[in-house]
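Written out below as structure tokens is the structure these notes cover.
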Amino acid sequence: MAPPEPSAALPPGKGPSGEPPAPLSHRVPDLGAMVLLLAVARHGSLGRAAREVGVSQPAASSRIRSMERQLGVALLDRSPRGSRLTGAGALVTDWARRVVEAAEAFDAGAQALRDRRDSRLRVAASMTIAEYLMPGWLIALRAERPGTAVSLLAGNSAAAALRLLSGEADLGFVEGLSVPEGLDGTVIAHDRLVVVVAPSHPWARRRTQVTPRELAEAPLILREHGSGTRQVLDAALAVHGGLARPLLELSSTTAVKGAAESGAGPCVLSELALDEELSARRLVEVPVAGIRLRRQLRAVWPAGHRPAGPARDLLSLTARPFGPARG
């Protein structure tokens, strides 16, 4: 009767009796020694076998003798005419062939897994990073990995974190005060939040800075809860009474800017998103006294799973200057 499949009947890491599997005997040779023995069997010559595996003949001879000592049996009869397998050597060679074939199958399977991983990259990013930083990074990644298909899922920072935790994304980029729970990460840049208004707004003509209390009490055009922008603003104004009820709450940076440009009210956005509007004076920056509206931009991934393949390459590209990122 065939033994039960381990995945169906046995807990991981348990043998047929339910006990932990015994470690391999110290007498089991390493894979390289088995490959060398198979080469000797094919060529009938230690010298030719050494050349095939890329070592010197003395090194090959030493390795075979070490293997014989390890196993406790003679494997080769050596003579001026070459090296011939002993009876025990023929048996060991047959067993070694099966081990090497299994190792080759293992290696091919692992390569197939790497190829599948490298064929695609799923990125989840906050809106600001997706719109103003990610394009440059993805263009550079395309040059390095033209065979990798990349999908970008844009949303707020909370949504990006959830996509990573649910396995919908391989690498994430978020804004905010800390690394989301269940994720590891690294800071890739720093960003400043800016209060802006339309030129027609009274704050645009003020000679004094807006106070934190005034900002907290003003009806603002805001990003939604879960966004990194909202998280930082909530934290900064908590000691000043907290945010008043928003004038508008929008899930798009472009929509927030459009509402502010129309004169509806002040908004708070990343300076990464405002270069064009400030240069053209469609929006005007309003200085705020006494608070520091800065945040960290992070690359994040599931805890304990450091990015590999194209995700690792994209992470390394974030250290290069693309677009208006500011440290």
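As shown in the structure tokens, the chain order sets the letters A, B, ...; within each chain, residues go from 1, and ligands are also counted from 1 in the order they appear.
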
* **All residues 12 Å or closer to range 233-245 of chain A, only C-alpha atoms, same chain fewer than 3 positions away omitted, as an MDAnalysis selection string** => chainID A and resid 175:178 192:195 211:230 248:249 267:270 288:295

* Extract, using only C-alpha atoms, all DNA, RNA and protein residues at most 12 Å from range 48-62 of chain A, discarding same-chain residues fewer than 3 positions from it, and format them as a PyMOL selection string. => chain A and resi 32-45+65-69+75-76+78+82-83

For the residues in that selection, give me N, CA, C and O atoms as an mmCIF file, in the first residue's frame.
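Below is the file that was written, again.cif:
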data_model
loop_
_atom_site.group_PDB
_atom_site.id
_atom_site.type_symbol
_atom_site.label_atom_id
_atom_site.label_comp_id
_atom_site.auth_asym_id
_atom_site.auth_seq_id
_atom_site.Cartn_x
_atom_site.Cartn_y
_atom_site.Cartn_z
ATOM 1 N N GLY A 32 27.736 17.935 -4.229
ATOM 2 C CA GLY A 32 28.886 18.106 -5.121
ATOM 3 C C GLY A 32 29.729 16.853 -5.222
ATOM 4 O O GLY A 32 30.237 16.503 -6.304
ATOM 5 N N ALA A 33 29.884 16.136 -4.102
ATOM 6 C CA ALA A 33 30.655 14.890 -4.121
ATOM 7 C C ALA A 33 29.956 13.834 -4.963
ATOM 8 O O ALA A 33 30.602 13.061 -5.691
ATOM 9 N N MET A 34 28.625 13.794 -4.885
ATOM 10 C CA MET A 34 27.878 12.827 -5.691
ATOM 11 C C MET A 34 28.005 13.139 -7.181
ATOM 12 O O MET A 34 28.144 12.230 -8.006
ATOM 13 N N VAL A 35 27.954 14.417 -7.536
ATOM 14 C CA VAL A 35 28.114 14.812 -8.947
ATOM 15 C C VAL A 35 29.488 14.386 -9.449
ATOM 16 O O VAL A 35 29.633 13.876 -10.578
ATOM 17 N N LEU A 36 30.512 14.556 -8.642
ATOM 18 C CA LEU A 36 31.865 14.151 -9.022
ATOM 19 C C LEU A 36 31.944 12.642 -9.212
ATOM 20 O O LEU A 36 32.546 12.156 -10.184
ATOM 21 N N LEU A 37 31.345 11.876 -8.316
ATOM 22 C CA LEU A 37 31.361 10.414 -8.439
ATOM 23 C C LEU A 37 30.680 9.976 -9.728
ATOM 24 O O LEU A 37 31.164 9.054 -10.421
ATOM 25 N N LEU A 38 29.569 10.594 -10.072
ATOM 26 C CA LEU A 38 28.885 10.244 -11.325
ATOM 27 C C LEU A 38 29.765 10.542 -12.529
ATOM 28 O O LEU A 38 29.774 9.782 -13.516
ATOM 29 N N ALA A 39 30.521 11.632 -12.482
ATOM 30 C CA ALA A 39 31.429 11.963 -13.584
ATOM 31 C C ALA A 39 32.536 10.927 -13.707
ATOM 32 O O ALA A 39 32.934 10.543 -14.819
ATOM 33 N N VAL A 40 33.072 10.453 -12.557
ATOM 34 C CA VAL A 40 34.092 9.407 -12.586
ATOM 35 C C VAL A 40 33.523 8.147 -13.214
ATOM 36 O O VAL A 40 34.176 7.477 -14.035
ATOM 37 N N ALA A 41 32.283 7.803 -12.859
ATOM 38 C CA ALA A 41 31.654 6.597 -13.409
ATOM 39 C C ALA A 41 31.482 6.711 -14.922
ATOM 40 O O ALA A 41 31.668 5.732 -15.660
ATOM 41 N N ARG A 42 31.157 7.902 -15.425
ATOM 42 C CA ARG A 42 30.968 8.088 -16.865
ATOM 43 C C ARG A 42 32.279 7.997 -17.624
ATOM 44 O O ARG A 42 32.356 7.410 -18.705
ATOM 45 N N HIS A 43 33.337 8.615 -17.088
ATOM 46 C CA HIS A 43 34.584 8.748 -17.826
ATOM 47 C C HIS A 43 35.590 7.653 -17.519
ATOM 48 O O HIS A 43 36.521 7.438 -18.306
ATOM 49 N N GLY A 44 35.420 6.967 -16.383
ATOM 50 C CA GLY A 44 36.409 5.979 -15.993
ATOM 51 C C GLY A 44 37.762 6.593 -15.702
ATOM 52 O O GLY A 44 38.789 5.927 -15.744
ATOM 53 N N SER A 45 37.771 7.882 -15.416
ATOM 54 C CA SER A 45 39.015 8.609 -15.189
ATOM 55 C C SER A 45 38.751 9.750 -14.213
ATOM 56 O O SER A 45 37.833 10.564 -14.428
ATOM 57 N N ARG A 65 38.273 10.558 -1.784
ATOM 58 C CA ARG A 65 38.788 9.868 -0.582
ATOM 59 C C ARG A 65 37.999 10.314 0.656
ATOM 60 O O ARG A 65 37.703 9.502 1.533
ATOM 61 N N SER A 66 37.654 11.584 0.733
ATOM 62 C CA SER A 66 36.853 12.065 1.851
ATOM 63 C C SER A 66 35.473 11.411 1.848
ATOM 64 O O SER A 66 34.941 11.043 2.899
ATOM 65 N N MET A 67 34.922 11.225 0.663
ATOM 66 C CA MET A 67 33.620 10.568 0.538
ATOM 67 C C MET A 67 33.713 9.106 0.984
ATOM 68 O O MET A 67 32.816 8.583 1.653
ATOM 69 N N GLU A 68 34.815 8.444 0.607
ATOM 70 C CA GLU A 68 35.015 7.047 1.029
ATOM 71 C C GLU A 68 35.114 6.961 2.549
ATOM 72 O O GLU A 68 34.530 6.062 3.168
ATOM 73 N N ARG A 69 35.862 7.873 3.160
ATOM 74 C CA ARG A 69 35.958 7.872 4.628
ATOM 75 C C ARG A 69 34.610 8.143 5.271
ATOM 76 O O ARG A 69 34.244 7.529 6.279
ATOM 77 N N LEU A 75 35.157 3.194 -2.870
ATOM 78 C CA LEU A 75 34.304 3.447 -4.031
ATOM 79 C C LEU A 75 35.023 3.202 -5.349
ATOM 80 O O LEU A 75 34.372 2.872 -6.352
ATOM 81 N N LEU A 76 36.349 3.379 -5.382
ATOM 82 C CA LEU A 76 37.103 3.270 -6.622
ATOM 83 C C LEU A 76 38.288 2.333 -6.457
ATOM 84 O O LEU A 76 38.921 2.280 -5.391
ATOM 85 N N ARG A 78 41.795 2.242 -8.075
ATOM 86 C CA ARG A 78 42.628 3.160 -8.840
ATOM 87 C C ARG A 78 43.800 2.399 -9.445
ATOM 88 O O ARG A 78 44.417 1.560 -8.784
ATOM 89 N N GLY A 82 43.373 4.070 -15.046
ATOM 90 C CA GLY A 82 42.162 4.849 -14.735
ATOM 91 C C GLY A 82 41.566 4.432 -13.404
ATOM 92 O O GLY A 82 42.203 3.740 -12.609
ATOM 93 N N SER A 83 40.338 4.842 -13.194
ATOM 94 C CA SER A 83 39.625 4.562 -11.952
ATOM 95 C C SER A 83 38.360 3.780 -12.286
ATOM 96 O O SER A 83 37.577 4.184 -13.157
#

* Mind listing the strand (DSSP E or B) residues of range 106-252 of chain A, per DSSP on the backbone, as a ChimeraX atom specification? => /A:120-126,149-155,171-176,183-197,210,221-223,248-250

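Closest to Gln231 in chain A among A:Val100, A:Glu131, A:Val174, A:Thr86 is A:Val174, based on only C-alpha atoms.
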
* Go through A:Leu133, A:Leu250, A:Leu278, A:Val210 and flag the residue nearest Asp191 in chain A, using only C-alpha atoms for the distances. =>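 Closest residue, counting only C-alpha atoms: A:Leu133.
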
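Among the candidate residues A:Asp184, A:Ile139, A:Ala255, A:Ala124, the one lying nearest to Ala158 in chain A is A:Ala124, with distances computed using only C-alpha atoms.
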
Which range 134-246 of chain A residues have any atom within 12 Å of an atom of range 296-319 of chain A, and for each, what is the nearest pair of atoms with distance in Å to one decimal, counting only C-alpha atoms, rows sorted by chain and number, as CSV?
residue,atom,partner,partner_atom,distance
A:Met134,CA,A:Thr318,CA,8.8
A:Pro135,CA,A:Thr318,CA,11.2
A:Gly136,CA,A:Thr318,CA,9.3
A:Trp137,CA,A:Leu317,CA,6.2
A:Leu138,CA,A:Leu314,CA,7.6
A:Ile139,CA,A:Leu317,CA,10.2
A:Ala140,CA,A:Leu317,CA,7.4
A:Leu141,CA,A:Leu314,CA,6.2
A:Arg142,CA,A:Leu314,CA,9.7
A:Ala143,CA,A:Asp313,CA,11.3
A:Glu144,CA,A:Asp313,CA,8.5
A:Arg145,CA,A:Pro310,CA,7.5
A:Pro146,CA,A:Pro310,CA,10.6
A:Gly147,CA,A:Pro310,CA,10.2
A:Thr148,CA,A:Pro310,CA,7.5
A:Ala149,CA,A:Pro310,CA,9.8
A:Val150,CA,A:Pro310,CA,9.3
A:Ser151,CA,A:Ala311,CA,11.9
A:Ser157,CA,A:Arg298,CA,10.0
A:Ala158,CA,A:Val300,CA,11.8
A:Ala160,CA,A:Val300,CA,9.2
A:Ala161,CA,A:Val300,CA,7.9
A:Leu162,CA,A:Pro302,CA,10.2
A:Arg163,CA,A:Pro302,CA,10.1
A:Leu164,CA,A:Pro302,CA,6.4
A:Leu165,CA,A:Pro302,CA,6.3
A:Ser166,CA,A:Pro302,CA,9.5
A:Gly167,CA,A:Pro302,CA,8.8
A:Glu168,CA,A:Pro302,CA,11.2
A:Ala169,CA,A:Trp301,CA,8.8
A:Asp170,CA,A:Ala311,CA,6.8
A:Leu171,CA,A:Trp301,CA,5.4
A:Gly172,CA,A:Val300,CA,5.0
A:Phe173,CA,A:Ala299,CA,4.5
A:Val174,CA,A:Arg298,CA,5.4
A:Glu175,CA,A:Leu297,CA,4.7
A:Gly176,CA,A:Gln296,CA,5.9
A:Leu177,CA,A:Gln296,CA,6.5
A:Ser178,CA,A:Gln296,CA,8.0
A:Val179,CA,A:Val300,CA,7.5
A:Pro180,CA,A:Val300,CA,8.4
A:Glu181,CA,A:Ala303,CA,8.8
A:Gly182,CA,A:Ala303,CA,5.7
A:Leu183,CA,A:Ala303,CA,4.4
A:Asp184,CA,A:Ala303,CA,4.7
A:Gly185,CA,A:Val300,CA,4.1
A:Thr186,CA,A:Arg298,CA,5.4
A:Val187,CA,A:Arg298,CA,4.4
A:Ile188,CA,A:Arg298,CA,5.3
A:Ala189,CA,A:Leu297,CA,5.1
A:His190,CA,A:Gln296,CA,4.6
A:Asp191,CA,A:Gln296,CA,6.1
A:Arg192,CA,A:Gln296,CA,8.8
A:Leu193,CA,A:Gln296,CA,10.8
A:Gly228,CA,A:Leu297,CA,9.1
A:Thr229,CA,A:Gln296,CA,10.6
A:Gln231,CA,A:Gln296,CA,11.7
A:Val232,CA,A:Gln296,CA,9.8

* Backbone-only DSSP, alpha helix (DSSP H) members of range 28-229 of chain A, as a VMD selection string -> chain A and resid 31 to 43 46 to 53 57 to 71 87 to 118 127 to 132 134 to 144 157 to 165 212 to 217 228 to 229

* What is the distance between CA of Leu91 in chain A and CA of Ala110 in chain A, in Å to one decimal? -> 28.9 Å

* Asked: Closest to Glu277 in chain A among A:Leu46, A:Ser252, A:Ala198, A:Gly265, using only C-alpha atoms?
  ->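 Closest candidate: A:Ala198.
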
* **Selected residue, from A:Val286, A:Val197, A:Ala260, A:Leu153, that lies nearest to Gln209 in chain A when counting only C-alpha atoms** =>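 Distance minimum relative to Gln209 in chain A lands on A:Val286.
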
* CA of Val28 in chain A to CA of Glu101 in chain A, straight-line distance in Å ->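 Atom-to-atom, CA of Glu101 in chain A to CA of Val28 in chain A, that is 16.2 Å.
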